[in-house]
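Working notes, structure below.
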4 protein chains.
Amino acid sequence: MLKVAVLGATGYAGKELVSILTRHPYVRPYYITSESFSGQRLDQVYPELRAVCELPLEKLDLAKVADCDFIFAALPHGLSVKEVPKLLETGKKVVDFSGDFRLKDASLYPRWYGYEHSSPENLAFSVYGLPEYHREQIREAVLIANPGCYPTSVLLALKPLLAEGLIETDDIIIDAKSGVSGAGRSPGQAYHFPECTENFKAYKVAAHQHTPEIEQELSIVAGRPVTVTFTPHLVPMIRGILSTIYVRITAGVDEAAVNAAYHKHYASEPFIRLLPPAELPETKHVSGTNFCDLACRFDSRTGRLIVVAAIDNLVKGAAGQAVQNMNIMQGWPEDTGLK
Amino acid sequence: MLKVAVLGATGYAGKELVSILTRHPYVRPYYITSESFSGQRLDQVYPELRAVCELPLEKLDLAKVADCDFIFAALPHGLSVKEVPKLLETGKKVVDFSGDFRLKDASLYPRWYGYEHSSPENLAFSVYGLPEYHREQIREAVLIANPGCYPTSVLLALKPLLAEGLIETDDIIIDAKSGVSGAGRSPGQAYHFPECTENFKAYKVAAHQHTPEIEQELSIVAGRPVTVTFTPHLVPMIRGILSTIYVRITAGVDEAAVNAAYHKHYASEPFIRLLPPAELPETKHVSGTNFCDLACRFDSRTGRLIVVAAIDNLVKGAAGQAVQNMNIMQGWPEDTGLK
Amino acid sequence: MLKVAVLGATGYAGKELVSILTRHPYVRPYYITSESFSGQRLDQVYPELRAVCELPLEKLDLAKVADCDFIFAALPHGLSVKEVPKLLETGKKVVDFSGDFRLKDASLYPRWYGYEHSSPENLAFSVYGLPEYHREQIREAVLIANPGCYPTSVLLALKPLLAEGLIETDDIIIDAKSGVSGAGRSPGQAYHFPECTENFKAYKVAAHQHTPEIEQELSIVAGRPVTVTFTPHLVPMIRGILSTIYVRITAGVDEAAVNAAYHKHYASEPFIRLLPPAELPETKHVSGTNFCDLACRFDSRTGRLIVVAAIDNLVKGAAGQAVQNMNIMQGWPEDTGLK
Amino acid sequence: MLKVAVLGATGYAGKELVSILTRHPYVRPYYITSESFSGQRLDQVYPELRAVCELPLEKLDLAKVADCDFIFAALPHGLSVKEVPKLLETGKKVVDFSGDFRLKDASLYPRWYGYEHSSPENLAFSVYGLPEYHREQIREAVLIANPGCYPTSVLLALKPLLAEGLIETDDIIIDAKSGVSGAGRSPGQAYHFPECTENFKAYKVAAHQHTPEIEQELSIVAGRPVTVTFTPHLVPMIRGILSTIYVRITAGVDEAAVNAAYHKHYASEPFIRLLPPAELPETKHVSGTNFCDLACRFDSRTGRLIVVAAIDNLVKGAAGQAVQNMNIMQGWPEDTGLK
């Protein structure tokens, strides 16, 4: 049994990760940290974990991290960039949940994340942990930048289309919708039940920090620069992301070519479900799972293709994908503990 | 006090209409019909109306309609087209909630509504009841085709941009989201609480019957054919529509021109609220009101403008707008009974 | 038009009050205060009020209060007890929303509210503002202690039974359930959407501060001491209270006597709706209204009567009742602005 | 691997059962039936099961049932009573989810279930499948009457108190609240999202069919007849039951005795969690689990004890308990596949 550290175990992603790890046959959560709740047990913060995981929460201590075999860091943006270099010095592999090691171009951080990146050498060193994009590099990686929730849904939706050159690269519109757990566990006015339920809104229109991450990875697949318009929305539900993506088909491409591309790229992927023609993704259908459901529709009247993708933001969009990455890094079957 | 008939009073739009009418100073609901619930009182179907409106529900009887001064028809698509011509023979003015008299081109009905239109002469005769588009014609109208809920949000969002020639007319993407009351009062699997709550999905992608209605009216404002890509979604909340609309700015247009256009067209509109720069529309802010809240954002990276519109689908998107139309037709202050 | 002050206008009860007052024909909100949001306008805190009530929020200033004709204080428990005596010195009538002037016995405050009462003379002076209990005294009152939300539902449910001596006074169990707005507008972990939705729980079991208020008023009606067991619960919805109350029938009492008592006491009450035999109260049926819906059922197997009461906690349970009290105090029709 | 039949696999309890069975190490769902959806696969009815369980749904065929090793019947009340006797003729063990074999006294069926029982010999033969009450008999049982959801929560809450003689047996009030999945998968007006969400109500007050089941089992534990007042309520959430139970302490009993009783009876139970003093059960904490969370509070002012119990109605209240029963019947560790 691998001894695993979870740094930042009381956020929603950290807690989801611990829950998955308790069901994983080859590992066990061994050392879990929380700066705010140290001194309590995890099941005191999340009573649903009583009799499931009653580990104590401790403040981050590198000596104790070094005593583990594998490290997950679910720390806030801006803190990971400082802590991860120290974690790497332990010689253990690290999967980092934050955005701090996802962008290869350090110069993007001030604009999108509001800070100067202090560890640019690790940006080159880290591997973007989307198995459907970078499986081979993940296998050898020491530092994984686990993808953002929105980008995961978008990147999976568009890979076959860009890889096969079926769509224009400068005309991509992403209208994404997320459940409220994506905003984290800290209470705030916008997430106060009486104001959040029975409400729907857009936020950070054309200004969300996941935008450059999406463009970076799409550009790799397309082999040339890709720009996107990205608008996130808040849905009054706990979990789930649904992204509706509008692209323009390259001249001469037809529906058969689109379908062929999806099957070519995804027929053997364990966590991608291509829906039959009559169906569309719904967030409930992927809730609590590591699946990404995909479907698309031609709008023959306007020459656009509409791709719809659904994931659970806390699983395939965070903790499940992190475990999928660990499985690949350890040489275990990729779906271990995830089905 | 004008005696008003409400045909189809037990659907959500009909019930919302009766509620508004009970608070209107110049009219009173006098004759209300329901084919399914005739023999009961309205407050037996909607117990919240006990001691508020306890009128009996009757089957539709033209003689009784003729005894009223003004007629609202909140009947299903496909039924209105048959009943409205008879209603007009009473000589009374009619506001029709269905889509049956909204499209000027009768040949669109088989594709989008699934039937051959039997009353094309009334398509020319009817006035599309969006006051911000056709106030003068509404004043003189005998038959109002009350707009659809989605089109109301979209048409209000785009009028200033198209009227002033600020955007391209062939590159408009509408990603719209509606609360569940938009699907009507009849129970169905998709709207069964345990399946509908905590879920989000798209439906009728590039195939919704409101598409031609949107294109017809936008084309009038633009002065040339406009095509749109339109995708509706279902939000787990009762009321509200939020439409996120992606358009491409005409060369040379800047943010100031956009703002000027909105103020030019809407500064005196009683039911349009242009939000201050830092704010974005939210469905809760218009819930239960006849307001449409509007805001837009430039995405300078891609040259797109993103317009966000929010309405209450049952008020500005149906019953409130119907009353607004009646007020105009009767020469009353436009916000009578609506504030 | 009476000039009205609303102190504490940004809490949910204060905001509901302002909304009602904007529709009231004889008054207008004139001076509204907020310690946290002073300097902003009310519609900046509640964007739904844009174009409806755009008054500035000010810090509490007695000179400005004195310039008004009528005062509503929607301040927190423990603050009202200090401010209300000063408000009374202005010579204006005051309706106070807090619990600070509801208990006639000052010695109860330390246990149930956690403070020593500093103004016991006003406890004798204040009138408990439940019109169905104390209408005549309200008419002459200068200081109204506006009832708590839970007590309103319970007191209305039990008055006829106790007044007519139909039930035992030492065997009353109240199982009450409230929507989340009852917990106020300040965000907290328990009301954070992802933790609050899809959850149901009891809280303050046998320890809620509304208990002595309920017992005080029931004892007045019964003419002897009444004790109750009271358990509140949190329902994942915005508004509404439903109280299920279990009482033991006095020997010889039958269903007819119970029904007769309810009709005797409530047939002319404008805001109480006695439901027909087949129906039961639901919170949605009273949402946004000042009604209290009531029904009861005999459990012949156990000799118990079960009474069910539903109100909107923010209207009949707070702001609506406050306006009803004002109407009585001013000699206006009791339902002015409330229907 | 045991081959398991699930009859009635498309109801919520049947679907939950199949989901649990796919994760159980010693069995596999082999034959699943649905009268309404035969001809489709289970994942066509529940798309979340795509790539998880894609078994075809068939009409019930006894020959195919006989080919299985173990039978779960999740059929409606009134149908099970007819089918189970035929199932037993296959010689296989049966766990029946319906109420048809729970009541030992056949004469209760006309009043509470609306039919004359046609198989009274099996009422004596069946074992009430609540492991915490009848574990030894379950071990030897051939026909298990799997408990109702409400009764499970109530019986677990009260066993220690009645077994130890700590409370009165004629003064028990049960105020229970259930999520909407308890009403089944068939759409109906009361469960239509716009009417069900943001609503709370009581139903079947003093008339619910689970009442005699509760009394039967409590009487066994108490050793004398127990009567209860039972009121169910509908909570706008998918899953979960919370029962608040009011009992009267026998003279001389104190809090220590109560706590001792709970620990005596439940310290070794794998699925009962006794909460620490400061905590109360919440439905979210047991969601998706087979746990029952319990806590109690003394109301010293009235001499009552208030017991609060929470379960997931579809797991410990149905499918999870059924698997727990199977585990006991097969001699497997009781929590196999359930943790």
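FYI, nothing fancy with the structure tokens labels: chains A, B, ... in order, residues from 1 per chain, ligands from 1 as they appear.
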
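Any residue of chain C with an atom no more than 6 Å from chain D counts as a contact; using only C-alpha atoms, that gives Glu198, Asn199, Phe200, Lys201, Ala206, Met237, Glu282, Thr283, Lys284 and Asp299 of chain C.
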
Expected file: the selected residues, all heavy atoms, as an mmCIF file, in the first residue's frame:
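Result file follows (part.cif):
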data_model
loop_
_atom_site.group_PDB
_atom_site.id
_atom_site.type_symbol
_atom_site.label_atom_id
_atom_site.label_comp_id
_atom_site.auth_asym_id
_atom_site.auth_seq_id
_atom_site.Cartn_x
_atom_site.Cartn_y
_atom_site.Cartn_z
ATOM 1 N N GLU C 198 -29.860 20.028 -0.885
ATOM 2 C CA GLU C 198 -29.843 18.562 -0.755
ATOM 3 C C GLU C 198 -29.500 18.130 0.669
ATOM 4 O O GLU C 198 -28.850 17.102 0.862
ATOM 5 C CB GLU C 198 -28.849 17.936 -1.746
ATOM 6 C CG GLU C 198 -29.331 17.945 -3.166
ATOM 7 C CD GLU C 198 -30.492 17.000 -3.370
ATOM 8 O OE1 GLU C 198 -30.370 15.833 -2.992
ATOM 9 O OE2 GLU C 198 -31.531 17.437 -3.905
ATOM 10 N N ASN C 199 -29.887 18.938 1.649
ATOM 11 C CA ASN C 199 -29.650 18.568 3.037
ATOM 12 C C ASN C 199 -30.867 18.945 3.873
ATOM 13 O O ASN C 199 -31.605 19.875 3.544
ATOM 14 C CB ASN C 199 -28.411 19.294 3.593
ATOM 15 C CG ASN C 199 -27.938 18.691 4.910
ATOM 16 O OD1 ASN C 199 -28.209 17.522 5.195
ATOM 17 N ND2 ASN C 199 -27.238 19.480 5.707
ATOM 18 N N PHE C 200 -31.075 18.235 4.955
ATOM 19 C CA PHE C 200 -32.152 18.533 5.889
ATOM 20 C C PHE C 200 -31.647 18.189 7.279
ATOM 21 O O PHE C 200 -31.017 17.162 7.487
ATOM 22 C CB PHE C 200 -33.409 17.704 5.571
ATOM 23 C CG PHE C 200 -34.589 18.074 6.433
ATOM 24 C CD1 PHE C 200 -35.414 19.136 6.080
ATOM 25 C CD2 PHE C 200 -34.858 17.392 7.608
ATOM 26 C CE1 PHE C 200 -36.486 19.510 6.888
ATOM 27 C CE2 PHE C 200 -35.926 17.763 8.423
ATOM 28 C CZ PHE C 200 -36.748 18.816 8.051
ATOM 29 N N LYS C 201 -31.936 19.069 8.229
ATOM 30 C CA LYS C 201 -31.437 18.825 9.583
ATOM 31 C C LYS C 201 -32.293 19.548 10.619
ATOM 32 O O LYS C 201 -32.986 20.510 10.300
ATOM 33 C CB LYS C 201 -29.996 19.307 9.712
ATOM 34 C CG LYS C 201 -29.810 20.802 9.548
ATOM 35 C CD LYS C 201 -28.359 21.197 9.832
ATOM 36 C CE LYS C 201 -28.137 22.670 9.611
ATOM 37 N NZ LYS C 201 -26.752 23.062 9.899
ATOM 38 N N ALA C 206 -34.857 21.699 21.344
ATOM 39 C CA ALA C 206 -35.274 22.027 22.711
ATOM 40 C C ALA C 206 -34.493 23.206 23.295
ATOM 41 O O ALA C 206 -34.357 23.318 24.516
ATOM 42 C CB ALA C 206 -35.156 20.808 23.625
ATOM 43 N N MET C 237 -34.863 25.424 1.062
ATOM 44 C CA MET C 237 -35.684 26.305 0.226
ATOM 45 C C MET C 237 -35.492 27.711 0.780
ATOM 46 O O MET C 237 -34.999 27.880 1.897
ATOM 47 C CB MET C 237 -37.156 25.882 0.250
ATOM 48 C CG MET C 237 -37.808 25.946 1.607
ATOM 49 S SD MET C 237 -39.538 25.333 1.535
ATOM 50 C CE MET C 237 -40.036 25.651 3.240
ATOM 51 N N GLU C 282 -49.203 23.935 2.344
ATOM 52 C CA GLU C 282 -47.888 23.777 1.739
ATOM 53 C C GLU C 282 -47.251 25.166 1.733
ATOM 54 O O GLU C 282 -47.918 26.168 1.495
ATOM 55 C CB GLU C 282 -47.998 23.256 0.304
ATOM 56 C CG GLU C 282 -48.831 21.990 0.212
ATOM 57 C CD GLU C 282 -48.839 21.347 -1.169
ATOM 58 O OE1 GLU C 282 -47.963 21.682 -1.998
ATOM 59 O OE2 GLU C 282 -49.717 20.501 -1.407
ATOM 60 N N THR C 283 -45.949 25.204 1.964
ATOM 61 C CA THR C 283 -45.318 26.527 2.058
ATOM 62 C C THR C 283 -45.423 27.301 0.750
ATOM 63 O O THR C 283 -45.520 28.522 0.763
ATOM 64 C CB THR C 283 -43.834 26.420 2.461
ATOM 65 O OG1 THR C 283 -43.128 25.667 1.480
ATOM 66 C CG2 THR C 283 -43.673 25.780 3.827
ATOM 67 N N LYS C 284 -45.410 26.608 -0.376
ATOM 68 C CA LYS C 284 -45.477 27.333 -1.650
ATOM 69 C C LYS C 284 -46.798 28.111 -1.780
ATOM 70 O O LYS C 284 -46.838 29.153 -2.427
ATOM 71 C CB LYS C 284 -45.326 26.366 -2.829
ATOM 72 C CG LYS C 284 -45.125 27.070 -4.177
ATOM 73 C CD LYS C 284 -45.023 26.108 -5.338
ATOM 74 C CE LYS C 284 -43.730 25.376 -5.386
ATOM 75 N NZ LYS C 284 -42.630 26.193 -5.926
ATOM 76 N N ASP C 299 -55.901 11.895 14.801
ATOM 77 C CA ASP C 299 -55.366 10.536 14.768
ATOM 78 C C ASP C 299 -56.180 9.747 15.779
ATOM 79 O O ASP C 299 -55.839 9.681 16.967
ATOM 80 C CB ASP C 299 -53.873 10.538 15.120
ATOM 81 C CG ASP C 299 -53.260 9.152 14.972
ATOM 82 O OD1 ASP C 299 -53.993 8.210 14.601
ATOM 83 O OD2 ASP C 299 -52.051 9.013 15.218
#

Residues near B:Leu166, cut-off 9 Å, only C-alpha atoms, skip fewer than 6 positions along chain, as a count of residues only | 11

What is the distance between atom CA of B:Pro194 and atom CA of D:Ala13, in Å to one decimal?
->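 Computing it gives 12.9 Å between the two atoms.
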
Have a look at B:Leu314, B:Ile214, B:Ile220, B:Leu130 and name the one nearest to B:Asn146; count only C-alpha atoms.
->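 Closest to B:Asn146, using only C-alpha atoms: B:Leu130.
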
Report as a ChimeraX atom specification: the residues of stretch 40-249 of chain A with a DSSP assignment of alpha helix (DSSP H), based on the backbone of this structure.
-> /A:42-45,62-66,80-88,109-113,120-125,131-140,149-163,193-196,211-222

Could you write out the selected residues, including C-alpha atoms, as a compact mmCIF listing (two decimals), in the first residue's frame?
# COMPACT_ATOMS: atom_id res chain seq x y z
CA LEU A 42 -11.13 15.16 8.70
CA ASP A 43 -14.43 13.60 9.78
CA GLN A 44 -15.03 16.51 12.13
CA VAL A 45 -14.90 18.86 9.17
CA LEU A 62 7.91 18.82 4.87
CA ALA A 63 9.48 16.13 7.05
CA LYS A 64 6.16 14.35 7.24
CA VAL A 65 5.52 14.77 3.55
CA ALA A 66 8.88 13.13 2.90
CA SER A 80 1.33 25.97 -4.69
CA VAL A 81 3.91 27.91 -6.67
CA LYS A 82 5.80 28.41 -3.42
CA GLU A 83 5.32 24.99 -1.85
CA VAL A 84 5.70 22.63 -4.81
CA PRO A 85 9.42 23.30 -5.36
CA LYS A 86 10.02 22.27 -1.75
CA LEU A 87 7.88 19.19 -2.20
CA LEU A 88 9.90 18.16 -5.23
CA TYR A 109 0.71 34.67 -14.80
CA PRO A 110 0.57 38.36 -13.87
CA ARG A 111 -2.41 39.02 -16.14
CA TRP A 112 -4.46 35.89 -15.43
CA TYR A 113 -3.41 34.93 -11.91
CA PRO A 120 9.51 29.25 -14.15
CA GLU A 121 11.94 26.33 -14.45
CA ASN A 122 9.21 24.06 -13.14
CA LEU A 123 6.79 25.28 -15.81
CA ALA A 124 8.97 23.59 -18.40
CA PHE A 125 9.43 20.56 -16.19
CA PRO A 131 -4.23 11.70 -20.05
CA GLU A 132 -6.14 11.96 -23.31
CA TYR A 133 -3.59 14.60 -24.43
CA HIS A 134 -0.32 13.64 -22.76
CA ARG A 135 -0.53 10.06 -21.56
CA GLU A 136 3.03 9.14 -22.50
CA GLN A 137 4.60 12.14 -20.79
CA ILE A 138 2.47 11.58 -17.70
CA ARG A 139 3.92 8.10 -17.43
CA GLU A 140 7.39 9.60 -16.90
CA CYS A 149 -12.23 21.75 -14.44
CA TYR A 150 -13.46 23.94 -17.31
CA PRO A 151 -10.40 23.19 -19.49
CA THR A 152 -10.86 19.44 -19.04
CA SER A 153 -14.35 19.58 -20.52
CA VAL A 154 -13.30 21.86 -23.37
CA LEU A 155 -10.07 20.11 -24.29
CA LEU A 156 -11.73 16.72 -24.43
CA ALA A 157 -14.53 18.13 -26.58
CA LEU A 158 -12.23 19.68 -29.17
CA LYS A 159 -9.20 17.41 -29.49
CA PRO A 160 -10.43 15.20 -32.34
CA LEU A 161 -11.67 18.19 -34.33
CA LEU A 162 -8.42 20.14 -34.08
CA ALA A 163 -6.12 17.13 -34.37
CA PHE A 193 -28.20 29.51 -0.30
CA PRO A 194 -31.03 32.08 -0.48
CA GLU A 195 -29.14 34.08 -3.10
CA CYS A 196 -27.60 31.23 -5.05
CA THR A 211 -8.72 30.87 -20.85
CA PRO A 212 -4.94 30.75 -21.49
CA GLU A 213 -4.79 27.14 -20.29
CA ILE A 214 -7.42 26.20 -22.85
CA GLU A 215 -5.65 28.07 -25.63
CA GLN A 216 -2.25 26.59 -24.77
CA GLU A 217 -3.44 23.01 -25.02
CA LEU A 218 -5.68 23.50 -28.04
CA SER A 219 -2.75 25.13 -29.83
CA ILE A 220 -0.59 22.08 -29.17
CA VAL A 221 -3.20 19.80 -30.66
CA ALA A 222 -3.92 22.09 -33.60

Contacts of C:Ala145 within 8 Å, only C-alpha atoms, excl. fewer than 4 positions in-chain, as a PyMOL selection string | chain C and resi 95-102+126-129

Mind writing the picked residues with C-alpha atoms as a short mmCIF file (atom, residue, chain, number, x, y, z; two decimals), in the first residue's frame?
data_model
loop_
_atom_site.label_atom_id
_atom_site.label_comp_id
_atom_site.auth_asym_id
_atom_site.auth_seq_id
_atom_site.Cartn_x
_atom_site.Cartn_y
_atom_site.Cartn_z
CA VAL C 95 -42.57 48.45 15.27
CA ASP C 96 -39.58 46.40 16.40
CA PHE C 97 -38.72 43.16 14.57
CA SER C 98 -36.33 41.76 17.18
CA GLY C 99 -37.08 39.52 20.13
CA ASP C 100 -35.93 42.21 22.54
CA PHE C 101 -39.37 43.43 23.57
CA ARG C 102 -41.44 40.27 23.15
CA SER C 126 -44.70 47.02 24.41
CA VAL C 127 -47.56 45.18 22.72
CA TYR C 128 -46.99 41.77 21.16
CA GLY C 129 -47.93 42.46 17.57
#

DSSP strand (DSSP E) selection over stretch 106-334 of chain A, as a compact mmCIF listing (two decimals) with N, CA and C atoms, in the first residue's frame:
# COMPACT_ATOMS: atom_id res chain seq x y z
N VAL A 127 4.25 18.41 -16.33
CA VAL A 127 3.47 17.82 -17.43
C VAL A 127 2.00 18.13 -17.18
N TYR A 128 1.31 18.63 -18.21
CA TYR A 128 -0.11 18.93 -18.08
C TYR A 128 -0.88 17.60 -18.04
N LEU A 143 6.33 15.93 -11.89
CA LEU A 143 5.38 16.96 -11.46
C LEU A 143 4.24 17.06 -12.48
N ILE A 144 3.05 16.78 -11.99
CA ILE A 144 1.86 16.88 -12.85
C ILE A 144 1.10 18.15 -12.49
N ALA A 145 0.81 18.96 -13.50
CA ALA A 145 -0.12 20.07 -13.32
C ALA A 145 -1.50 19.52 -13.69
N ILE A 172 -13.77 30.00 -32.13
CA ILE A 172 -14.23 29.01 -31.15
C ILE A 172 -14.84 29.75 -29.97
N ILE A 173 -16.10 29.44 -29.70
CA ILE A 173 -16.80 30.09 -28.60
C ILE A 173 -17.21 29.03 -27.59
N ILE A 174 -16.84 29.27 -26.35
CA ILE A 174 -17.09 28.30 -25.28
C ILE A 174 -18.03 28.93 -24.26
N ASP A 175 -19.20 28.36 -24.17
CA ASP A 175 -20.17 28.82 -23.16
C ASP A 175 -20.27 27.70 -22.13
N ALA A 176 -19.67 27.92 -20.96
CA ALA A 176 -19.53 26.86 -19.97
C ALA A 176 -20.36 27.16 -18.73
N LYS A 177 -20.85 26.10 -18.10
CA LYS A 177 -21.71 26.25 -16.94
C LYS A 177 -21.23 25.29 -15.86
N SER A 178 -21.10 25.80 -14.64
CA SER A 178 -20.57 24.97 -13.56
C SER A 178 -21.47 24.97 -12.34
N LYS A 201 -26.39 32.93 -13.50
CA LYS A 201 -25.67 34.12 -13.94
C LYS A 201 -24.38 33.75 -14.66
N ALA A 202 -23.87 34.66 -15.44
CA ALA A 202 -22.52 34.57 -15.99
C ALA A 202 -21.58 35.30 -15.05
N VAL A 228 -9.77 31.54 -28.15
CA VAL A 228 -11.15 31.20 -27.82
C VAL A 228 -11.81 32.35 -27.06
N THR A 229 -13.11 32.40 -27.18
CA THR A 229 -13.93 33.26 -26.31
C THR A 229 -14.56 32.34 -25.28
N PHE A 230 -14.37 32.65 -24.02
CA PHE A 230 -14.78 31.73 -22.96
C PHE A 230 -15.62 32.46 -21.91
N THR A 231 -16.83 32.00 -21.68
CA THR A 231 -17.72 32.60 -20.68
C THR A 231 -18.21 31.54 -19.71
N PRO A 232 -17.84 31.63 -18.45
CA PRO A 232 -18.36 30.69 -17.45
C PRO A 232 -19.65 31.21 -16.81
N HIS A 233 -20.47 30.28 -16.36
CA HIS A 233 -21.74 30.59 -15.70
C HIS A 233 -21.88 29.74 -14.44
N LEU A 234 -22.70 30.21 -13.53
CA LEU A 234 -22.92 29.50 -12.27
C LEU A 234 -24.33 28.89 -12.26
N ILE A 241 -20.11 20.18 -14.73
CA ILE A 241 -19.84 21.22 -15.72
C ILE A 241 -20.42 20.75 -17.03
N LEU A 242 -21.11 21.65 -17.70
CA LEU A 242 -21.53 21.39 -19.07
C LEU A 242 -21.00 22.53 -19.92
N SER A 243 -20.22 22.18 -20.94
CA SER A 243 -19.69 23.18 -21.86
C SER A 243 -20.34 23.01 -23.22
N THR A 244 -20.89 24.12 -23.72
CA THR A 244 -21.48 24.14 -25.06
C THR A 244 -20.51 24.93 -25.93
N ILE A 245 -19.99 24.29 -26.96
CA ILE A 245 -18.89 24.88 -27.71
C ILE A 245 -19.30 25.03 -29.17
N TYR A 246 -19.10 26.23 -29.68
CA TYR A 246 -19.52 26.57 -31.04
C TYR A 246 -18.29 26.72 -31.90
N VAL A 247 -18.17 25.91 -32.94
CA VAL A 247 -17.00 25.99 -33.82
C VAL A 247 -17.48 26.05 -35.27
N ARG A 248 -16.56 26.51 -36.14
CA ARG A 248 -16.90 26.59 -37.54
C ARG A 248 -16.13 25.50 -38.29
N ILE A 272 -14.09 8.27 -21.61
CA ILE A 272 -14.87 9.12 -22.52
C ILE A 272 -16.00 8.29 -23.10
N ARG A 273 -17.20 8.84 -22.99
CA ARG A 273 -18.37 8.16 -23.55
C ARG A 273 -18.93 9.01 -24.69
N LEU A 274 -18.86 8.47 -25.90
CA LEU A 274 -19.47 9.16 -27.04
C LEU A 274 -20.93 8.75 -27.09
N CYS A 292 -16.29 11.64 -19.06
CA CYS A 292 -16.67 12.81 -19.83
C CYS A 292 -17.62 12.34 -20.92
N ASP A 293 -18.85 12.87 -20.94
CA ASP A 293 -19.82 12.52 -21.98
C ASP A 293 -19.77 13.57 -23.08
N LEU A 294 -19.79 13.11 -24.32
CA LEU A 294 -19.65 14.01 -25.47
C LEU A 294 -20.72 13.73 -26.54
N ALA A 295 -21.20 14.82 -27.14
CA ALA A 295 -22.08 14.68 -28.31
C ALA A 295 -21.94 15.96 -29.13
N CYS A 296 -22.26 15.89 -30.42
CA CYS A 296 -22.25 17.12 -31.20
C CYS A 296 -23.42 17.16 -32.18
N ARG A 297 -23.71 18.37 -32.64
CA ARG A 297 -24.82 18.59 -33.57
C ARG A 297 -24.35 19.58 -34.64
N PHE A 298 -24.69 19.28 -35.87
CA PHE A 298 -24.48 20.21 -36.97
C PHE A 298 -25.62 21.22 -37.02
N ASP A 299 -25.29 22.49 -37.18
CA ASP A 299 -26.33 23.47 -37.51
C ASP A 299 -26.14 23.79 -38.99
N ARG A 304 -22.26 25.80 -38.56
CA ARG A 304 -21.54 25.63 -37.30
C ARG A 304 -21.73 24.22 -36.77
N LEU A 305 -20.75 23.80 -35.99
CA LEU A 305 -20.88 22.57 -35.24
C LEU A 305 -20.97 22.96 -33.77
N ILE A 306 -21.87 22.29 -33.06
CA ILE A 306 -22.04 22.57 -31.63
C ILE A 306 -21.65 21.30 -30.88
N VAL A 307 -20.65 21.42 -30.04
CA VAL A 307 -20.18 20.27 -29.27
C VAL A 307 -20.58 20.47 -27.82
N VAL A 308 -21.14 19.43 -27.21
CA VAL A 308 -21.55 19.52 -25.81
C VAL A 308 -20.77 18.49 -25.01
N ALA A 309 -20.16 18.94 -23.92
CA ALA A 309 -19.37 18.06 -23.06
C ALA A 309 -19.83 18.19 -21.62
N ALA A 310 -19.91 17.07 -20.91
CA ALA A 310 -20.28 17.10 -19.49
C ALA A 310 -19.29 16.30 -18.67
N ILE A 311 -18.88 16.88 -17.55
CA ILE A 311 -18.04 16.17 -16.58
C ILE A 311 -18.52 16.52 -15.18

Atomic separation - atom CA of D:Leu21 relative to atom CA of A:Ala278, Å |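 A separation of 28.7 Å between them.
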
Please, what distance in Å, to one decimal, runs between atom CA of C:Leu60 and atom CA of C:Ser34?
->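 Those two atoms sit 7.2 Å apart.
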
Fewer than 2 positions away in the same chain doesn't count, so skip those; otherwise give me all residues within 7 Å of C:Lys92, counting only C-alpha atoms, as a list in words.
->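 In the requested format, the answer is Asp69, Phe70, Ile71, Leu88, Thr90 and Val94 of chain C.
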
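Near B:Gly148, within a cut-off of 7 Å and counting only C-alpha atoms, sit the residues Thr152, His210, Gly317 and Ala318 of chain B, with same-chain residues fewer than 4 positions away left out.
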
Generate a file of the selected residues that holds N, CA, C and O atoms, formatted as a CSV table (one decimal), in the first residue's frame.
chain,number,residue,atom,x,y,z
B,152,THR,N,-37.8,37.1,-26.6
B,152,THR,CA,-37.8,38.4,-26.0
B,152,THR,C,-36.5,38.8,-25.4
B,152,THR,O,-36.0,39.9,-25.6
B,210,HIS,N,-38.2,28.6,-31.6
B,210,HIS,CA,-38.0,30.0,-31.5
B,210,HIS,C,-37.0,30.6,-32.4
B,210,HIS,O,-36.9,31.8,-32.6
B,317,GLY,N,-41.3,37.5,-20.4
B,317,GLY,CA,-41.3,36.5,-21.4
B,317,GLY,C,-42.7,36.0,-21.7
B,317,GLY,O,-42.8,35.1,-22.6
B,318,ALA,N,-43.8,36.5,-21.1
B,318,ALA,CA,-45.1,35.9,-21.4
B,318,ALA,C,-46.2,36.9,-20.8
B,318,ALA,O,-46.6,37.8,-21.5
